[in-house]
Amino acid sequence: MAYKTIIEDGIDILVAGAGLGGTGAAFESRYWGKDKKIVVAEKANIDRSGAVAQGLYAINCYMGTRFGENNPEDHVRYARIDLMGMVREDLLFDMARHVDSTVHQFEEWGLPLMRNPKTGAYQREGRWQIMIHGESYKPIVAEAAKKSADKVFNRVCLTHLLMDESKPNRVAGAVGFNVRTGNYHVFKSKAVIVAAGGASNIYKPRSVGEGAGRVWYAPWSSGSAYGLLIGAGAKMTQMENRIVLARFKDGYGPVGAYFLHLKTYTQNCNGEEYESNWWPQLQEMVGKEYLDPEASSLTHRPIPTCLRNHALINEVNAGRGPIHMITMEAFQDPHLEEIGWHNFLGMTVGQAVLWAATDVDPKNENPELTTSEPYVMGSHATGCGAWCSGPEDISPPEYFWGYNRMTTVEGLFGAGDAAGGTPHAFSSGSFTEGRLAAKAACKYIDDGKAEGIRISDEQIEQRRAEIYKPMEHYRVYRNEITAGSVNPNYINPRQGLDRLQKLMDEYCGGVTVSYMTNDKLLHIGLKKMKVLEEDLEKIAAENIHELLRAWELKHRHLTSEAVMQHTLFRKETRWPGYYYRGDAMKVDDQNWHVLTVSRRDPETGEYTMEKAPCYHLVEA
Amino acid sequence: MPTFVYMTRCDGCGQCVDICPSDIMHMDSVVRRAYNIEPNMCWECYSCVKACPHNAIDVRGYADFAPLGHSVRVQRDEEKGVIAWRIIFRNGEKDMTLLAPITTKPWGQAIPQLADESEPSQEMRDSQHLFNEPKYIRLDDGGLHTLESNGLKLKAGVYY
């Protein structure tokens, strides 16, 4: 193949993926590393990439300390109860104490933040959410990253991290290919900040056929945050903590602003409030510590999101669906109606398209809600991701190995979806994590920790052969058949994705099994996952675009395997409503009030699992 | 579909190809105009629709649940800093126009060049501060939060 090898050498900081986490990392790197070479590699165009490509109508993580609204520890308490105890409180506190400065910068850069005319504070949607006109959120932060980086490589899909050959377990850069030219790109770098995306589309979506792209999280978020890290042997945490979202049916339009700002609420098919009917039974299962409706109404302590899902799922299973969002009252106010529509147009246009297509006017008709297929991510309300070091002034010894947000691989940092145990960061928090990782990465280099990195040509050539193998495989076998996509020697990326989704759905608690799994199912699933891995060696790519899809699928596969391993290891149903272990339905605090940590051996593919202590910073 | 391109409006400029986050807007080699090569990986994010200088790209709702006959059109104007939407329902009974700001500052001017900022001191480097902190956290004299400053103590890890 005539693809060129393009080597970018002497990089200090390589930012892998340029969504909100990556743009934050690129921006801040320039301040702490004025003399450093900062390079960004993004598989799409930085101006519209990542989960925020489309826009956002709210910033979901803002303390408002300057307005006397919240302190960082309040946010820790909130995220902790929402995730039923399982969070990295050091990382959360650290993000929360910096996130306001990030948001204040955004406003200065031109992001239109709404203000409350009475108080002068930002317009609150909820306790943690502020409202913005965020259609151009991504282009604005992209501008900040472009001003700071030495070079931005658009349309370069990173597939692997490079490892240093002079010191074990140290990162040395990354490789990938350009999805336009096909050229092979090698980035030799002293430090790498992985800020790639979480995983959509690893579970069978509710949408089918042409509509399969209508998922809640961006279809281009292909689990690279995990695929890159797992492939390099970094320890991962909380991979079992996937998320299921309650959303407007089919369009997956967000419900946050509707519940919180527009004060809409839900009912079953009989027009009844149903949630509280499920609390007594659920309290048996999870304990009063995690579900105490009385205390919740007195103290504003939220009922964990997964438990509210549990009520919705069970109400529908009991035959009292559909669940309706009661919008008809709020939408009589023209101002609230306008906000309701803007909310979609600013971040989920597909929902507006759906309502226009089906003549559902929420002013005259209450729309249906449903629960989504599961997603694996570390930046929204779940904490999947790498096991990272915390900041030096907060972290206990088990959480601290010197550099903030550094994974267990030296010189390799995580932000956004890649940093584990830090849910409820959302866009502003991901940008902030990128900033924190950038400062630490500069310090890591300044401390001389990245000296003497060596990458052999052999490693580079080996990765090159591996990357283009799907195209080679296609070239060799395509003429064995007359035409079409059915070939005994290969599957194409779409066929592989369908198989992965079916597997994850049926064996690891997807939609069609009502989010239920057990030990036996997971073992079968893992076996099938290994066979799929063998077939992925024979995946065929007809062109560069399919090569992109092939590597996205491989990252999704690595992510999925980690999800299964973690789900098997944690023998309890910690988050009913996100998934259920049918053979261990109760929350088991005695054995499982711990964080789960895994490592996949890059050579053998074998997993080792361990428990890590769960530290609590503050009283409830 | 969900996005599609009108043959008579597209001139093959490639701006949609350049911007699509999902890499699905490509050029047809025969008619030399853009089209969506992989509708089932389209998020209806409208990035290409907004980027098209000729309004040649439109969206038809997903075939698995959206009937025909609706329209959600958009115009994004960077110079004026606004975005305008028009939504027409399938039954024609609702026809809405909505306008929103996209930025409050001219593009390319408000974001600082960090390379021009003064070099951070060693004290700054050793602290927990990020760029422009603590000034930007509270915009007053408030310092950065630590566990001690917030009266917190790390409680022992729970490890079974």
# chains A, B, ... in the order shown; residues from 1 in each chain; ligands from 1
>>> residues_around(residues="Gly143 of chain B", least_positions_apart="5", cutoff="12 Å", atoms="only C-alpha atoms", output="list in words")
Thr65, Arg66, Arg97, His98 and Ser101 of chain A; Ser127, Gln128, His129, Asn132, Glu133, Pro134, Lys135, Tyr136, Ile137, Arg138, Ser149 and Asn150 of chain B
>>> write_last_selection(atoms="all heavy atoms", output="compact mmCIF listing (two decimals), in the first residue's frame")
# COMPACT_ATOMS: atom_id res chain seq x y z
N THR A 65 -19.74 28.93 43.71
CA THR A 65 -19.21 29.31 45.03
C THR A 65 -19.20 30.83 45.19
O THR A 65 -19.49 31.34 46.26
CB THR A 65 -17.78 28.74 45.19
OG1 THR A 65 -17.82 27.35 44.91
CG2 THR A 65 -17.26 28.94 46.59
N ARG A 66 -18.95 31.54 44.09
CA ARG A 66 -18.89 33.00 44.19
C ARG A 66 -20.26 33.60 44.49
O ARG A 66 -20.36 34.72 44.98
CB ARG A 66 -18.29 33.59 42.91
CG ARG A 66 -19.27 33.78 41.78
CD ARG A 66 -18.59 34.20 40.52
NE ARG A 66 -18.95 35.57 40.16
CZ ARG A 66 -18.99 36.01 38.90
NH1 ARG A 66 -18.65 35.21 37.91
NH2 ARG A 66 -19.32 37.24 38.64
N ARG A 97 -13.42 22.00 42.82
CA ARG A 97 -12.85 23.26 43.31
C ARG A 97 -12.27 24.10 42.18
O ARG A 97 -11.96 25.28 42.38
CB ARG A 97 -11.79 22.99 44.39
CG ARG A 97 -10.55 22.30 43.88
CD ARG A 97 -9.55 22.12 45.01
NE ARG A 97 -8.48 21.21 44.64
CZ ARG A 97 -7.41 20.98 45.39
NH1 ARG A 97 -7.27 21.60 46.54
NH2 ARG A 97 -6.49 20.14 45.00
N HIS A 98 -12.08 23.50 41.01
CA HIS A 98 -11.54 24.25 39.87
C HIS A 98 -12.60 24.58 38.80
O HIS A 98 -12.36 25.40 37.94
CB HIS A 98 -10.42 23.46 39.20
CG HIS A 98 -9.18 23.32 40.02
ND1 HIS A 98 -8.31 24.37 40.23
CD2 HIS A 98 -8.67 22.27 40.71
CE1 HIS A 98 -7.31 23.96 41.00
NE2 HIS A 98 -7.51 22.70 41.31
N SER A 101 -13.80 28.21 37.81
CA SER A 101 -12.89 29.08 37.05
C SER A 101 -12.98 28.75 35.56
O SER A 101 -12.87 29.63 34.71
CB SER A 101 -11.46 28.97 37.57
OG SER A 101 -10.82 27.79 37.13
N SER B 127 1.83 24.94 43.57
CA SER B 127 0.50 25.02 44.17
C SER B 127 -0.49 24.17 43.38
O SER B 127 -0.12 23.54 42.39
CB SER B 127 0.02 26.48 44.16
OG SER B 127 -0.37 26.81 42.84
N GLN B 128 -1.72 24.19 43.84
CA GLN B 128 -2.77 23.45 43.12
C GLN B 128 -3.46 24.36 42.09
O GLN B 128 -4.45 23.96 41.49
CB GLN B 128 -3.80 22.91 44.11
CG GLN B 128 -3.26 21.86 45.05
CD GLN B 128 -2.83 20.59 44.33
OE1 GLN B 128 -3.42 20.21 43.33
NE2 GLN B 128 -1.79 19.94 44.83
N HIS B 129 -2.98 25.57 41.92
CA HIS B 129 -3.67 26.51 41.04
C HIS B 129 -3.53 26.17 39.56
O HIS B 129 -2.49 25.71 39.11
CB HIS B 129 -3.12 27.92 41.26
CG HIS B 129 -3.51 28.50 42.57
ND1 HIS B 129 -2.76 29.45 43.22
CD2 HIS B 129 -4.56 28.25 43.37
CE1 HIS B 129 -3.35 29.77 44.35
NE2 HIS B 129 -4.43 29.05 44.48
N ASN B 132 -4.81 31.44 35.83
CA ASN B 132 -5.73 32.50 36.26
C ASN B 132 -6.49 32.19 37.55
O ASN B 132 -7.51 32.82 37.83
CB ASN B 132 -6.75 32.81 35.15
CG ASN B 132 -6.52 34.21 34.61
OD1 ASN B 132 -5.97 35.06 35.31
ND2 ASN B 132 -6.95 34.45 33.39
N GLU B 133 -5.98 31.23 38.30
CA GLU B 133 -6.59 30.98 39.59
C GLU B 133 -5.69 31.55 40.68
O GLU B 133 -4.50 31.67 40.47
CB GLU B 133 -6.75 29.46 39.82
CG GLU B 133 -7.87 28.89 39.00
CD GLU B 133 -8.05 27.39 39.22
OE1 GLU B 133 -7.21 26.78 39.91
OE2 GLU B 133 -9.02 26.84 38.71
N PRO B 134 -6.21 31.95 41.85
CA PRO B 134 -7.61 31.78 42.23
C PRO B 134 -8.54 32.87 41.70
O PRO B 134 -9.75 32.80 41.92
CB PRO B 134 -7.56 31.84 43.75
CG PRO B 134 -6.41 32.73 44.03
CD PRO B 134 -5.39 32.46 42.95
N LYS B 135 -7.99 33.84 40.98
CA LYS B 135 -8.81 34.97 40.54
C LYS B 135 -10.12 34.51 39.88
O LYS B 135 -11.19 35.06 40.15
CB LYS B 135 -8.00 35.81 39.54
CG LYS B 135 -8.63 37.11 39.16
CD LYS B 135 -7.72 37.88 38.23
CE LYS B 135 -8.44 38.20 36.94
NZ LYS B 135 -7.57 38.60 35.86
N TYR B 136 -10.03 33.51 39.02
CA TYR B 136 -11.20 33.14 38.24
C TYR B 136 -12.20 32.26 38.97
O TYR B 136 -13.29 32.02 38.48
CB TYR B 136 -10.76 32.45 36.94
CG TYR B 136 -10.66 33.43 35.81
CD1 TYR B 136 -10.00 34.64 36.01
CD2 TYR B 136 -11.23 33.17 34.59
CE1 TYR B 136 -9.92 35.56 34.98
CE2 TYR B 136 -11.15 34.09 33.56
CZ TYR B 136 -10.50 35.28 33.76
OH TYR B 136 -10.42 36.19 32.77
N ILE B 137 -11.81 31.78 40.15
CA ILE B 137 -12.75 30.92 40.84
C ILE B 137 -13.87 31.74 41.45
O ILE B 137 -15.05 31.47 41.29
CB ILE B 137 -12.04 30.09 41.92
CG1 ILE B 137 -11.07 29.14 41.25
CG2 ILE B 137 -13.05 29.33 42.76
CD1 ILE B 137 -10.17 28.43 42.19
N ARG B 138 -13.49 32.81 42.12
CA ARG B 138 -14.51 33.62 42.80
C ARG B 138 -14.53 35.05 42.28
O ARG B 138 -15.42 35.80 42.60
CB ARG B 138 -14.23 33.66 44.29
CG ARG B 138 -14.46 32.33 44.96
CD ARG B 138 -14.02 32.45 46.38
NE ARG B 138 -14.83 31.59 47.24
CZ ARG B 138 -14.50 31.31 48.48
NH1 ARG B 138 -13.41 31.83 49.01
NH2 ARG B 138 -15.26 30.54 49.21
N SER B 149 -9.19 23.92 54.51
CA SER B 149 -9.90 25.20 54.42
C SER B 149 -11.41 24.99 54.45
O SER B 149 -12.17 25.87 54.85
CB SER B 149 -9.50 25.97 53.15
OG SER B 149 -10.12 25.39 52.02
N ASN B 150 -11.85 23.84 54.04
CA ASN B 150 -13.28 23.57 54.08
C ASN B 150 -13.67 22.75 55.31
O ASN B 150 -14.78 22.24 55.38
CB ASN B 150 -13.71 22.84 52.80
CG ASN B 150 -13.76 23.79 51.62
OD1 ASN B 150 -13.14 24.84 51.65
ND2 ASN B 150 -14.50 23.43 50.60
>>> residues_around(residues="Asn489 of chain A", least_positions_apart="5", cutoff="10 Å", atoms="only C-alpha atoms", output="PDB file with N, CA and C atoms, in the first residue's frame")
ATOM      1  N   HIS A 473      -6.523  -7.723   4.391  1.00  0.00           N
ATOM      2  CA  HIS A 473      -7.384  -8.903   4.447  1.00  0.00           C
ATOM      3  C   HIS A 473      -8.484  -8.818   3.382  1.00  0.00           C
ATOM      4  N   TYR A 474      -9.025  -7.647   3.227  1.00  0.00           N
ATOM      5  CA  TYR A 474     -10.069  -7.433   2.216  1.00  0.00           C
ATOM      6  C   TYR A 474      -9.508  -7.678   0.808  1.00  0.00           C
ATOM      7  N   VAL A 476      -7.025  -9.440  -0.143  1.00  0.00           N
ATOM      8  CA  VAL A 476      -6.685 -10.831  -0.409  1.00  0.00           C
ATOM      9  C   VAL A 476      -7.922 -11.684  -0.707  1.00  0.00           C
ATOM     10  N   TYR A 477      -9.019 -11.428   0.034  1.00  0.00           N
ATOM     11  CA  TYR A 477     -10.149 -12.361  -0.042  1.00  0.00           C
ATOM     12  C   TYR A 477     -11.364 -11.888  -0.835  1.00  0.00           C
ATOM     13  N   ARG A 478     -11.375 -10.620  -1.241  1.00  0.00           N
ATOM     14  CA  ARG A 478     -12.612 -10.118  -1.852  1.00  0.00           C
ATOM     15  C   ARG A 478     -12.967 -10.829  -3.151  1.00  0.00           C
ATOM     16  N   GLU A 480     -12.665 -13.860  -3.921  1.00  0.00           N
ATOM     17  CA  GLU A 480     -13.073 -15.244  -3.775  1.00  0.00           C
ATOM     18  C   GLU A 480     -14.587 -15.383  -3.956  1.00  0.00           C
ATOM     19  N   ASP A 535     -12.268 -13.301  15.509  1.00  0.00           N
ATOM     20  CA  ASP A 535     -12.831 -12.877  14.221  1.00  0.00           C
ATOM     21  C   ASP A 535     -12.449 -11.440  13.870  1.00  0.00           C
ATOM     22  N   LYS A 538      -9.814 -10.979  11.638  1.00  0.00           N
ATOM     23  CA  LYS A 538     -10.129 -11.220  10.224  1.00  0.00           C
ATOM     24  C   LYS A 538     -11.128 -10.192   9.702  1.00  0.00           C
ATOM     25  N   ILE A 539     -11.205  -9.072  10.362  1.00  0.00           N
ATOM     26  CA  ILE A 539     -12.156  -8.068   9.882  1.00  0.00           C
ATOM     27  C   ILE A 539     -11.615  -7.455   8.588  1.00  0.00           C
ATOM     28  N   ALA A 540     -12.535  -7.099   7.689  1.00  0.00           N
ATOM     29  CA  ALA A 540     -12.107  -6.585   6.392  1.00  0.00           C
ATOM     30  C   ALA A 540     -12.605  -5.160   6.184  1.00  0.00           C
TER      31      ALA A 540
END
>>> residues_around(residues="His557 of chain A", least_positions_apart="2", cutoff="8 Å", atoms="only C-alpha atoms", output="PyMOL selection string")
chain A and resi 202+227+500+529+533+553-555+559-561
>>> write_last_selection(atoms="N, CA, C and O atoms", output="mmCIF file, in the first residue's frame")
data_model
loop_
_atom_site.group_PDB
_atom_site.id
_atom_site.type_symbol
_atom_site.label_atom_id
_atom_site.label_comp_id
_atom_site.auth_asym_id
_atom_site.auth_seq_id
_atom_site.Cartn_x
_atom_site.Cartn_y
_atom_site.Cartn_z
ATOM 1 N N ILE A 202 -22.136 0.051 22.145
ATOM 2 C CA ILE A 202 -21.619 -1.285 22.466
ATOM 3 C C ILE A 202 -22.794 -2.196 22.831
ATOM 4 O O ILE A 202 -22.654 -3.408 22.848
ATOM 5 N N GLY A 227 -10.316 1.794 24.932
ATOM 6 C CA GLY A 227 -9.552 0.941 24.034
ATOM 7 C C GLY A 227 -8.068 1.288 24.046
ATOM 8 O O GLY A 227 -7.206 0.402 24.111
ATOM 9 N N LEU A 500 -21.343 -7.674 18.239
ATOM 10 C CA LEU A 500 -20.964 -7.179 19.572
ATOM 11 C C LEU A 500 -22.198 -6.696 20.334
ATOM 12 O O LEU A 500 -22.390 -7.010 21.516
ATOM 13 N N MET A 529 -17.072 -13.434 23.560
ATOM 14 C CA MET A 529 -16.264 -12.225 23.336
ATOM 15 C C MET A 529 -14.866 -12.603 22.842
ATOM 16 O O MET A 529 -14.291 -11.932 21.993
ATOM 17 N N GLU A 533 -13.147 -11.744 19.323
ATOM 18 C CA GLU A 533 -11.805 -11.159 19.222
ATOM 19 C C GLU A 533 -10.999 -11.850 18.123
ATOM 20 O O GLU A 533 -10.300 -11.189 17.347
ATOM 21 N N LEU A 553 -14.498 -0.342 16.192
ATOM 22 C CA LEU A 553 -15.078 -1.591 16.698
ATOM 23 C C LEU A 553 -14.105 -2.304 17.635
ATOM 24 O O LEU A 553 -14.498 -2.836 18.670
ATOM 25 N N LYS A 554 -12.832 -2.297 17.289
ATOM 26 C CA LYS A 554 -11.846 -2.954 18.154
ATOM 27 C C LYS A 554 -11.773 -2.253 19.513
ATOM 28 O O LYS A 554 -11.623 -2.907 20.546
ATOM 29 N N HIS A 555 -11.876 -0.941 19.514
ATOM 30 C CA HIS A 555 -11.896 -0.224 20.794
ATOM 31 C C HIS A 555 -13.175 -0.541 21.574
ATOM 32 O O HIS A 555 -13.155 -0.701 22.797
ATOM 33 N N THR A 559 -13.485 -2.389 25.310
ATOM 34 C CA THR A 559 -14.326 -1.769 26.337
ATOM 35 C C THR A 559 -15.352 -2.767 26.858
ATOM 36 O O THR A 559 -15.540 -2.925 28.071
ATOM 37 N N SER A 560 -15.995 -3.465 25.944
ATOM 38 C CA SER A 560 -17.063 -4.398 26.305
ATOM 39 C C SER A 560 -16.541 -5.538 27.162
ATOM 40 O O SER A 560 -17.187 -5.968 28.123
ATOM 41 N N GLU A 561 -15.375 -6.039 26.796
ATOM 42 C CA GLU A 561 -14.800 -7.136 27.569
ATOM 43 C C GLU A 561 -14.539 -6.680 29.007
ATOM 44 O O GLU A 561 -14.813 -7.414 29.964
#
>>> select_by_dssp(residues="segment 62-133 of chain B", states="helix (DSSP H, G or I)", output="VMD selection string")
chain B and resid 114 to 116 122 to 126
>>> atom_distance(atom1="atom CA of Ala121 of chain A", atom2="atom CA of Gly64 of chain A")
8.1 Å
>>> closest_residue(among="B:Ala56, B:Ile88, B:Leu99, B:Ala115", to="Val360 of chain A", atoms="only C-alpha atoms")
B:Ile88
